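Structure file my_file08.txt; described as compact mmCIF, C-alpha atoms.
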# COMPACT_ATOMS: atom_id res chain seq x y z
CA MET F 1 190.25 85.33 98.84
CA TYR F 2 192.56 83.31 96.64
CA SER F 3 189.97 80.65 96.03
CA MET F 4 187.66 83.28 94.54
CA LYS F 5 190.15 84.91 92.19
CA LYS F 6 188.09 84.32 89.07
CA ASN F 7 185.91 87.16 87.91
CA TRP F 8 182.77 85.36 86.75
CA TRP F 9 180.98 85.79 90.07
CA LYS F 10 181.59 89.52 90.12
CA ALA F 11 180.05 89.79 86.66
CA LEU F 12 177.17 87.61 87.86
CA SER F 13 176.66 89.94 90.81
CA VAL F 14 176.56 93.03 88.56
CA VAL F 15 174.16 91.39 86.09
CA LEU F 16 171.86 90.13 88.83
CA LEU F 17 171.77 93.46 90.65
CA LEU F 18 171.09 95.37 87.43
CA TYR F 19 168.27 92.94 86.75
CA VAL F 20 166.97 93.39 90.30
CA ALA F 21 167.09 97.18 90.06
CA VAL F 22 165.17 97.21 86.76
CA ALA F 23 162.79 94.30 87.29
CA GLY F 24 162.31 95.04 90.96
CA LEU F 25 161.02 98.51 90.20
CA LEU F 26 159.07 97.71 87.03
CA MET F 27 157.68 94.18 87.27
CA PRO F 28 154.11 93.74 88.47
CA VAL F 29 153.68 93.08 92.18
CA PRO F 30 150.61 91.89 94.07
CA ARG F 31 148.31 94.65 95.32
CA LEU F 32 148.20 94.34 99.08
CA ALA F 33 146.63 96.67 101.58
CA ILE F 34 149.04 98.82 103.63
CA LEU F 35 152.07 97.41 101.81
CA ASN F 36 151.09 98.76 98.36
CA GLU F 37 154.16 99.56 96.26
CA THR F 38 156.53 99.40 99.24
CA ILE F 39 156.52 95.64 98.81
CA ARG F 40 159.30 96.24 96.27
CA ASN F 41 161.57 97.01 99.22
CA LEU F 42 161.57 93.24 99.79
CA TYR F 43 164.20 92.98 97.04
CA PHE F 44 166.51 95.35 98.87
CA HIS F 45 165.79 95.01 102.59
CA VAL F 46 165.64 91.23 103.04
CA PRO F 47 168.71 90.35 100.92
CA MET F 48 170.80 92.64 103.14
CA TRP F 49 170.27 90.27 106.04
CA PHE F 50 171.11 87.27 103.89
CA GLY F 51 174.27 89.02 102.74
CA MET F 52 175.15 90.01 106.29
CA THR F 53 174.70 86.49 107.65
CA PHE F 54 176.79 84.91 104.91
CA VAL F 55 179.59 87.45 105.11
CA LEU F 56 179.71 87.17 108.92
CA LEU F 57 179.80 83.41 108.53
CA ALA F 58 182.79 83.88 106.22
CA SER F 59 184.37 86.08 108.88
CA VAL F 60 183.96 83.31 111.46
CA TYR F 61 185.41 80.82 108.98
CA TYR F 62 188.50 83.00 108.55
CA SER F 63 188.78 83.44 112.33
CA VAL F 64 188.69 79.67 112.87
CA ARG F 65 191.32 79.24 110.19
CA TYR F 66 193.38 81.98 111.83
CA LEU F 67 193.35 80.16 115.16
CA ARG F 68 194.55 76.98 113.48
CA ASN F 69 197.12 78.69 111.30
CA PRO F 70 197.94 82.29 112.27
CA THR F 71 198.77 84.44 109.25
CA PRO F 72 198.13 88.18 108.85
CA GLU F 73 196.14 87.55 105.64
CA LEU F 74 193.51 85.48 107.45
CA ASP F 75 193.19 88.10 110.18
CA ILE F 76 192.69 90.86 107.62
CA GLN F 77 190.07 88.81 105.81
CA ALA F 78 188.17 88.08 109.02
CA HIS F 79 188.27 91.74 110.00
CA GLU F 80 187.17 93.10 106.63
CA SER F 81 184.40 90.49 106.31
CA ALA F 82 183.08 91.52 109.71
CA ARG F 83 183.19 95.18 108.68
CA THR F 84 181.32 94.40 105.47
CA GLY F 85 178.77 92.51 107.57
CA ILE F 86 178.32 95.58 109.75
CA LEU F 87 177.84 97.73 106.65
CA MET F 88 175.19 95.34 105.31
CA GLY F 89 173.51 95.37 108.70
CA PHE F 90 173.32 99.15 108.78
CA VAL F 91 171.93 99.31 105.25
CA GLY F 92 169.43 96.63 106.26
CA LEU F 93 168.41 98.67 109.29
CA ALA F 94 168.09 101.82 107.20
CA THR F 95 165.96 100.21 104.47
CA GLY F 96 163.89 98.51 107.12
CA SER F 97 163.42 101.75 109.01
CA ILE F 98 162.12 103.53 105.90
CA TRP F 99 159.83 100.60 105.15
CA ALA F 100 158.54 100.60 108.72
CA LYS F 101 157.77 104.33 108.51
CA TYR F 102 155.46 103.79 105.53
CA THR F 103 153.78 100.58 106.63
CA TRP F 104 153.82 100.47 110.43
CA GLY F 105 153.85 104.24 110.89
CA ALA F 106 157.06 104.66 112.87
CA TRP F 107 160.79 104.70 112.15
CA TRP F 108 161.43 102.28 114.97
CA THR F 109 159.04 99.83 116.59
CA ASN F 110 159.54 97.60 119.59
CA ASP F 111 159.85 94.51 117.43
CA PRO F 112 162.10 91.58 118.41
CA LYS F 113 163.77 91.52 115.01
CA LEU F 114 164.61 95.21 115.12
CA ASN F 115 165.97 94.98 118.63
CA GLY F 116 167.91 91.84 117.73
CA ALA F 117 169.46 93.56 114.73
CA ALA F 118 170.38 96.61 116.79
CA ILE F 119 172.00 94.45 119.46
CA ALA F 120 173.89 92.47 116.85
CA MET F 121 175.26 95.76 115.57
CA LEU F 122 176.34 96.59 119.15
CA ILE F 123 178.05 93.20 119.44
CA TYR F 124 180.01 93.77 116.25
CA GLY F 125 180.72 97.36 117.25
CA ALA F 126 182.30 95.90 120.38
CA TYR F 127 184.40 93.71 118.07
CA LEU F 128 185.81 96.85 116.41
CA VAL F 129 186.43 98.48 119.81
CA LEU F 130 188.20 95.34 120.98
CA ARG F 131 190.45 95.38 117.93
CA SER F 132 191.44 98.97 118.51
CA SER F 133 192.44 98.40 122.11
CA PHE F 134 195.46 96.23 121.38
CA THR F 135 198.87 97.48 120.38
CA ASP F 136 200.41 94.11 119.64
CA GLU F 137 199.25 92.88 116.24
CA GLN F 138 199.43 89.16 116.87
CA GLN F 139 197.61 89.41 120.16
CA ARG F 140 194.99 91.64 118.57
CA ALA F 141 194.47 89.16 115.76
CA ARG F 142 194.14 86.12 118.03
CA ILE F 143 191.91 87.65 120.67
CA SER F 144 189.61 89.34 118.19
CA ALA F 145 189.33 86.00 116.36
CA ILE F 146 188.25 84.37 119.62
CA TYR F 147 185.70 87.11 120.29
CA ASN F 148 184.44 86.94 116.71
CA ILE F 149 183.59 83.24 117.02
CA PHE F 150 182.02 83.74 120.44
CA ALA F 151 180.00 86.73 119.23
CA PHE F 152 178.66 84.85 116.22
CA ALA F 153 177.55 81.95 118.42
CA THR F 154 175.58 84.26 120.70
CA ALA F 155 174.35 86.74 118.08
CA MET F 156 172.77 84.25 115.70
CA PRO F 157 170.09 83.07 118.17
CA LEU F 158 169.05 86.73 118.33
CA PHE F 159 168.27 86.66 114.63
CA TYR F 160 166.95 83.21 113.99
CA ILE F 161 165.55 81.81 117.23
CA LEU F 162 164.26 84.56 119.51
CA PRO F 163 162.04 86.38 116.99
CA ARG F 164 160.26 83.12 116.26
CA LEU F 165 159.40 82.72 119.94
CA THR F 166 157.86 86.14 120.41
CA ASP F 167 155.24 88.19 118.64
CA SER F 168 156.58 90.20 115.79
CA LEU F 169 155.28 92.55 113.15
CA HIS F 170 157.51 90.80 110.66
CA PRO F 171 156.05 88.06 108.52
CA GLY F 172 156.87 84.53 109.60
CA ALA F 173 156.74 85.14 113.34
CA GLY F 174 154.23 85.22 116.14
CA GLY F 175 151.36 83.93 114.05
CA ASN F 176 151.99 86.21 111.07
CA PRO F 177 152.31 84.08 107.97
CA ALA F 178 155.76 83.79 106.39
CA PHE F 179 156.14 85.57 103.10
CA ALA F 180 155.88 82.34 101.19
CA LYS F 181 152.21 82.21 102.12
CA TYR F 182 150.76 85.46 100.92
CA ASP F 183 152.98 88.07 99.47
CA LEU F 184 155.61 86.15 97.56
CA ASP F 185 153.83 85.08 94.39
CA SER F 186 155.79 83.43 91.62
CA ASN F 187 156.49 86.76 89.90
CA MET F 188 158.16 88.08 93.00
CA ARG F 189 160.22 84.95 93.41
CA LEU F 190 161.69 85.62 89.96
CA VAL F 191 163.22 88.79 91.35
CA PHE F 192 163.68 87.91 95.02
CA TYR F 193 165.99 84.91 94.64
CA PRO F 194 168.31 86.65 92.16
CA ALA F 195 168.33 89.63 94.54
CA VAL F 196 169.47 87.46 97.44
CA ILE F 197 172.25 85.91 95.36
CA GLY F 198 173.26 89.25 93.85
CA TRP F 199 173.50 91.15 97.13
CA THR F 200 175.33 88.27 98.83
CA LEU F 201 177.90 88.16 96.03
CA LEU F 202 178.25 91.94 96.25
CA ALA F 203 178.95 91.62 99.99
CA PHE F 204 181.70 89.09 99.31
CA TRP F 205 183.11 91.30 96.59
CA LEU F 206 183.22 94.29 98.94
CA ALA F 207 184.91 92.21 101.63
CA GLN F 208 187.44 90.94 99.13
CA LEU F 209 188.25 94.43 97.83
CA ALA F 210 188.60 95.78 101.37
CA SER F 211 190.92 92.95 102.40
CA ARG F 212 193.04 93.44 99.29
CA VAL F 213 193.44 97.13 100.10
CA SER F 214 194.35 96.34 103.73
CA LEU F 215 196.80 93.69 102.63
CA LEU F 216 198.47 96.13 100.22
CA LYS F 217 198.68 98.71 103.01
CA LEU F 218 200.30 96.12 105.27
CA LYS F 219 202.82 95.24 102.55
CA LEU F 220 203.63 98.91 101.91
CA TYR F 221 204.13 99.43 105.64
CA GLU F 222 206.45 96.45 105.87
CA LYS F 223 208.39 97.73 102.88
CA GLN F 224 208.86 101.11 104.56
CA LEU F 225 210.16 99.42 107.65
CA ALA F 226 212.63 97.28 105.75
CA MET O 1 190.27 70.24 138.35
CA GLN O 2 189.13 70.02 141.93
CA LYS O 3 192.42 71.43 143.05
CA ASP O 4 192.01 74.30 140.67
CA PHE O 5 188.58 74.94 142.04
CA ARG O 6 190.02 75.08 145.51
CA LEU O 7 192.65 77.55 144.35
CA GLU O 8 189.83 79.75 143.13
CA TRP O 9 187.94 79.37 146.34
CA ARG O 10 190.92 80.32 148.43
CA GLN O 11 191.13 83.86 147.07
CA ARG O 12 187.56 84.77 147.80
CA ALA O 13 188.44 88.17 149.24
CA ALA O 14 186.24 89.64 146.54
CA LEU O 15 183.22 87.79 147.89
CA ASN O 16 182.52 90.04 150.85
CA GLY O 17 183.02 93.08 148.68
CA MET O 18 180.50 91.74 146.18
CA LEU O 19 177.95 90.98 148.87
CA LEU O 20 178.24 94.53 150.08
CA TYR O 21 178.01 95.78 146.50
CA VAL O 22 174.76 93.91 145.93
CA SER O 23 173.23 95.00 149.20
CA SER O 24 174.06 98.65 148.67
CA THR O 25 172.69 98.52 145.11
CA VAL O 26 169.44 97.01 146.34
CA PHE O 27 169.24 99.57 149.10
CA VAL O 28 169.85 102.44 146.68
CA CYS O 29 167.02 101.09 144.53
CA TYR O 30 164.81 100.94 147.59
CA LEU O 31 165.61 104.52 148.59
CA CYS O 32 165.02 105.75 145.05
CA PHE O 33 161.58 104.19 144.95
CA SER O 34 160.61 104.82 148.57
CA SER O 35 159.11 108.17 147.58
CA ARG O 36 156.38 106.21 145.84
CA GLY O 37 155.54 104.34 149.00
CA GLY O 38 158.05 101.58 148.44
CA GLN O 39 155.73 99.41 146.35
CA LEU O 40 156.70 98.81 142.74
CA PRO O 41 154.47 97.57 139.93
CA ALA O 42 155.44 94.01 138.97
CA PRO O 43 157.07 94.76 135.56
CA ALA O 44 159.28 97.44 137.12
CA TRP O 45 160.14 95.09 139.98
CA ASN O 46 161.18 92.47 137.46
CA ALA O 47 163.25 94.84 135.31
CA LEU O 48 165.01 96.35 138.31
CA PHE O 49 165.84 92.93 139.72
CA TRP O 50 167.53 91.80 136.51
CA ILE O 51 169.41 95.06 136.15
CA VAL O 52 170.77 94.68 139.68
CA LEU O 53 171.79 91.09 138.89
CA LEU O 54 173.34 92.06 135.54
CA PHE O 55 175.55 94.75 137.00
CA SER O 56 176.64 92.74 140.00
CA ALA O 57 177.39 89.77 137.70
CA VAL O 58 179.61 91.90 135.46
CA ASN O 59 181.45 93.29 138.47
CA ALA O 60 181.80 89.95 140.22
CA VAL O 61 183.07 88.01 137.23
CA ALA O 62 185.40 90.78 136.06
CA LYS O 63 187.39 90.26 139.24
CA GLY O 64 188.20 86.67 138.27
CA PHE O 65 190.67 87.36 135.49
CA LEU O 66 191.50 91.02 135.96
CA GLN O 67 192.95 90.50 139.39
CA GLU O 68 195.11 87.53 138.48
CA SER O 69 198.75 88.40 138.37
CA ARG O 70 200.85 87.31 135.44
CA GLY O 71 202.96 85.07 137.61
CA ARG O 72 200.02 83.13 138.92
CA MET O 73 198.72 82.59 135.37
CA LEU O 74 202.09 81.15 134.41
CA TYR O 75 201.94 78.92 137.46
CA TYR O 76 198.51 77.57 136.50
CA TYR O 77 199.76 77.12 132.97
CA THR O 78 202.44 74.71 134.08
CA LEU O 79 200.07 72.79 136.33
CA VAL O 80 196.81 72.10 134.51
CA ARG O 81 195.17 71.88 131.14
CA PRO O 82 193.41 75.07 129.94
CA GLN O 83 190.07 73.24 129.72
CA ALA O 84 190.27 72.51 133.44
CA VAL O 85 190.92 76.17 134.15
CA ILE O 86 187.93 77.44 132.19
CA LEU O 87 185.61 74.80 133.65
CA ALA O 88 186.78 75.59 137.16
CA LYS O 89 186.37 79.30 136.56
CA ILE O 90 182.88 78.83 135.15
CA ALA O 91 181.92 76.58 138.06
CA TYR O 92 183.29 79.02 140.60
CA ASN O 93 181.64 82.00 138.94
CA THR O 94 178.35 80.11 138.76
CA LEU O 95 178.44 79.42 142.48
CA LEU O 96 179.46 83.00 143.17
CA LEU O 97 176.64 84.39 141.05
CA LEU O 98 174.15 81.94 142.57
CA GLY O 99 175.09 83.12 146.04
CA LEU O 100 174.89 86.74 144.99
CA ALA O 101 171.56 86.22 143.23
CA LEU O 102 170.02 84.53 146.24
CA VAL O 103 171.25 87.23 148.60
CA ALA O 104 170.01 89.88 146.20
CA LEU O 105 166.62 88.16 145.90
CA LEU O 106 166.29 87.92 149.66
CA LEU O 107 167.19 91.55 150.36
CA TYR O 108 165.16 92.69 147.43
CA SER O 109 162.02 90.93 148.60
CA VAL O 110 162.52 92.23 152.12
CA VAL O 111 162.71 95.89 151.16
CA LEU O 112 160.69 96.05 147.94
CA GLY O 113 158.14 93.30 148.49
CA ASN O 114 157.85 89.98 146.67
CA PRO O 115 155.13 89.79 144.00
CA VAL O 116 156.36 86.40 142.68
CA GLN O 117 153.49 83.94 142.44
CA ASN O 118 155.31 80.90 141.07
CA VAL O 119 158.36 80.68 143.30
CA PRO O 120 159.93 77.40 142.04
CA LEU O 121 159.85 78.64 138.46
CA PHE O 122 161.35 81.97 139.46
CA VAL O 123 164.18 80.39 141.44
CA GLY O 124 164.90 77.89 138.66
CA ASN O 125 165.03 80.78 136.24
CA VAL O 126 167.48 82.65 138.47
CA VAL O 127 169.67 79.52 138.62
CA LEU O 128 169.69 79.22 134.82
CA GLY O 129 170.48 82.91 134.61
CA ALA O 130 173.43 82.58 136.96
CA VAL O 131 174.85 79.69 134.92
CA GLY O 132 174.38 81.61 131.68
CA PHE O 133 175.87 84.85 132.99
CA ALA O 134 178.83 82.96 134.46
CA SER O 135 179.66 81.08 131.27
CA THR O 136 179.30 84.14 129.04
CA LEU O 137 181.17 86.52 131.29
CA THR O 138 184.03 84.20 132.18
CA LEU O 139 185.32 84.08 128.62
CA VAL O 140 184.60 87.79 128.11
CA SER O 141 186.59 88.68 131.21
CA GLY O 142 189.42 86.50 129.95
CA ILE O 143 189.35 88.45 126.67
CA ALA O 144 189.07 91.82 128.38
CA ALA O 145 191.94 91.05 130.74
CA LYS O 146 194.31 90.86 127.77
CA ALA O 147 193.48 94.33 126.52
CA THR O 148 194.61 97.69 127.79
CA ASN O 149 191.36 99.32 128.95
CA SER O 150 189.87 96.20 130.49
CA SER O 151 187.13 97.57 132.70
CA THR O 152 185.43 99.47 129.88
CA LEU O 153 185.82 96.55 127.51
CA MET O 154 184.24 94.20 130.01
CA ALA O 155 180.99 96.15 129.87
CA VAL O 156 181.15 96.87 126.14
CA LEU O 157 181.77 93.24 125.21
CA GLY O 158 179.65 91.64 127.88
CA PHE O 159 176.35 93.53 127.81
CA PRO O 160 175.32 92.97 124.20
CA LEU O 161 176.35 89.31 124.38
CA MET O 162 174.10 88.77 127.37
CA VAL O 163 171.05 90.38 125.84
CA PRO O 164 169.61 87.26 124.14
CA MET O 165 169.84 85.44 127.46
CA LEU O 166 168.45 88.38 129.38
CA LEU O 167 165.43 88.67 127.08
CA LEU O 168 164.52 85.04 127.70
CA LEU O 169 165.15 85.34 131.44
CA ILE O 170 162.93 88.39 131.76
CA LYS O 171 160.20 86.69 129.77
CA VAL O 172 160.25 83.60 131.99
CA SER O 173 160.42 85.60 135.21
CA LYS O 174 157.47 87.69 134.03
CA ASN O 175 155.56 84.43 133.62
CA ALA O 176 156.62 83.42 137.13
CA LEU O 177 155.51 86.77 138.50
CA ASP O 178 152.11 86.39 136.90
CA GLY O 179 151.82 82.87 138.29
CA LEU O 180 151.43 81.13 134.94
CA GLU O 181 151.87 77.37 134.80
CA PHE O 182 155.14 75.73 133.88
CA GLU O 183 153.93 74.88 130.36
CA ALA O 184 153.69 78.55 129.39
CA SER O 185 157.43 79.07 129.78
CA GLN O 186 158.64 75.63 128.77
CA SER O 187 159.91 76.57 125.31
CA SER O 188 161.72 79.64 126.62
CA LEU O 189 163.34 77.59 129.36
CA LEU O 190 164.49 74.99 126.84
CA THR O 191 165.94 77.71 124.60
CA LEU O 192 167.70 79.14 127.63
CA VAL O 193 169.25 75.76 128.45
CA ALA O 194 170.32 75.36 124.82
CA LEU O 195 171.83 78.85 124.80
CA ASN O 196 173.75 78.09 127.99
CA MET O 197 175.09 74.91 126.43
CA ILE O 198 176.15 76.71 123.24
CA VAL O 199 177.96 79.40 125.22
CA GLY O 200 179.60 76.85 127.53
CA ALA O 201 180.75 74.67 124.64
CA VAL O 202 182.15 77.62 122.69
CA SER O 203 184.00 78.87 125.78
CA TYR O 204 185.42 75.40 126.34
CA LEU O 205 186.67 75.20 122.76
CA LEU O 206 188.03 78.74 122.54
CA PHE O 207 189.71 79.15 125.89
CA PRO O 208 192.87 77.15 125.05
CA PHE O 209 193.64 79.69 122.30
CA LEU O 210 193.14 82.60 124.67
CA TRP O 211 195.28 80.88 127.27
CA ARG O 212 198.28 80.54 125.04
CA SER O 213 199.08 84.23 124.88
Take the structure from the file and write it as structure tokens.
Amino acid sequence: MYSMKKNWWKALSVVLLLYVAVAGLLMPVPRLAILNETIRNLYFHVPMWFGMTFVLLASVYYSVRYLRNPTPELDIQAHESARTGILMGFVGLATGSIWAKYTWGAWWTNDPKLNGAAIAMLIYGAYLVLRSSFTDEQQRARISAIYNIFAFATAMPLFYILPRLTDSLHPGAGGNPAFAKYDLDSNMRLVFYPAVIGWTLLAFWLAQLASRVSLLKLKLYEKQLA
Amino acid sequence: MQKDFRLEWRQRAALNGMLLYVSSTVFVCYLCFSSRGGQLPAPAWNALFWIVLLFSAVNAVAKGFLQESRGRMLYYYTLVRPQAVILAKIAYNTLLLLGLALVALLLYSVVLGNPVQNVPLFVGNVVLGAVGFASTLTLVSGIAAKATNSSTLMAVLGFPLMVPMLLLLIKVSKNALDGLEFEASQSSLLTLVALNMIVGAVSYLLFPFLWRS
């Protein structure tokens, strides 16, 4: 949190996302059967997963630092980053579900990536349940940090290894070409990469704001006690 | 570490209970399906087998930490390094789950028939599954034991974490049921081994922190 105190990256995030919203909806896209105009969802659906992965990675980083050097700030940052990751995951599931309805014809299909994402949400839901079942703050912080690291190590294969081993409706798996091959022409790259960076920065911004609020709450609470 | 293992082995009162648990679960499955003539289609056979194993694994491993008294934990703490404790626990749980899985497989094939065509592959897969379940659930039970509502937490934390492993296991055992050659499931088996190693290594690294509290 303190290493990212400067504001330039927040401005960058706003500028990039404004650009993505305008250019993503107006720029020309390739005409593809079935996908048609829904291909523009690429700028919103895919970056969610990038943002989620990075912000969960940050959460693990804070958890590791917490185990080495236990301070309440690190615990709050790990917790809020994980919560932001869950939020990004749900938005990713929602955008993906809408996209699936218009291209594959159903809100939910039995696709390894969808199931993996749903299970990852369950794993992180369990993280929140675990946190709420402790009364002692230090114990809660340490044990949820341990679970957070463990969960990340088992959840990431779900996203990045298993779907590549099985057939999937998603591009880039089970014989379907990855998007680099057919649907990501150079015009789309001009919007897609900024979208990934913009949404990832927004995720970090959200996590930072949430941890600052929690930290202020903690300080207020301590002040009341004193 | 060997001594620790023996300490584990000595309090195996849970073992008989678990054996009975597995047998009654299998028998309940049998009775539920006996209305259809007792013969299951292969995919259902496969799914039911892994569900039986999953639930008995969660119950068996949960006993390990939840039943330890605080005094005994303190006693271990003064005697051995935490790494030795987690390795011993994982080893013990692996053996326990292997025993349970083999008993379950035996009973299951007796009452519900055995459609497995590639037996070595299937048994190897069950062994890998037992190791994976043991290493995942040992740390989870350690975590759950610290919290207030442990038995619920054990299921909530454990099930989603085991899903990646379970997906691979079911895929390989489906191949074994269909009698495909070893090559068809090689990559899944390798991923399974890698996943087991990741989980084991992470447990090994994290357990000392859990131990301290």
| Do you know which residues are at most 9 Å from segment 89-104 of chain O counting all atoms listed in the file, after dropping those on the same chain fewer than 3 positions away, and could you put them as an MDAnalysis selection string? | chainID O and resid 4:5 8:9 15 18:19 22:23 26 49 52:53 56:57 60:61 64 84:86 107:109 123 126:127 129:139 200
| task | Record the distance separating atom CA of Ala100 of chain F and atom CA of Pro47 of chain F, expressed in Å with one decimal. | result | 16.4 Å
| said: Which residues are near Tyr147 of chain F? Cut-off 8 Å, all atoms listed in the file, ignore same chain within fewer than 2 positions. Put them as a PyMOL selection string. | reply: (chain F and resi 127+143-145+149-151) or (chain O and resi 140+143)
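Residues of chain O lying within 8 Å of chain F, counting all atoms listed in the file, are Val140, Ile143, Ala147, Thr148, Asn149, Leu153, Val156, Leu157, Pro160, Leu161, Val163, Pro164, Ser188, Leu195, Ile198, Val199, Val202, Ser203, Leu206, Phe209, Leu210 and Ser213 of chain O.
Reported to one decimal place, the separation of atom CA of Thr200 of chain F from atom CA of Ile76 of chain F is 19.6 Å.
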| task | Grab the atom CA of Gly124 of chain O to atom CA of Ala62 of chain O distance for me, in Å with one decimal place. | result | 24.4 Å
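For the set F:Phe54, F:Leu201, F:Leu216, F:Leu225, the residue with the smallest atom-to-atom gap to Pro72 of chain F is F:Leu216, counting all atoms listed in the file.
When all atoms listed in the file are used to measure the gap to Ala210 of chain F, the shortest distance among F:Ile197, F:Ala82, F:Ala23, F:Val14 belongs to F:Ala82.
Compared by their closest atoms to Val91 of chain F, and using all atoms listed in the file, the residues F:Gly51, F:Gly105, F:Arg40, F:Leu17 rank with F:Gly51 nearest.
Residues with any atom within 10 Å of Arg212 of chain F, counting only C-alpha atoms and excluding same-chain neighbours fewer than 4 positions away, are F:Met1, F:Glu73, F:Ile76, F:Gln77, F:Glu80, F:Leu206, F:Ala207, F:Gln208, F:Leu216, F:Lys217, F:Leu218.
Residue nearest Trp99 of chain F, chosen from F:Leu209, F:Met27, F:Val46, F:Ala226 and counting only C-alpha atoms: F:Val46.
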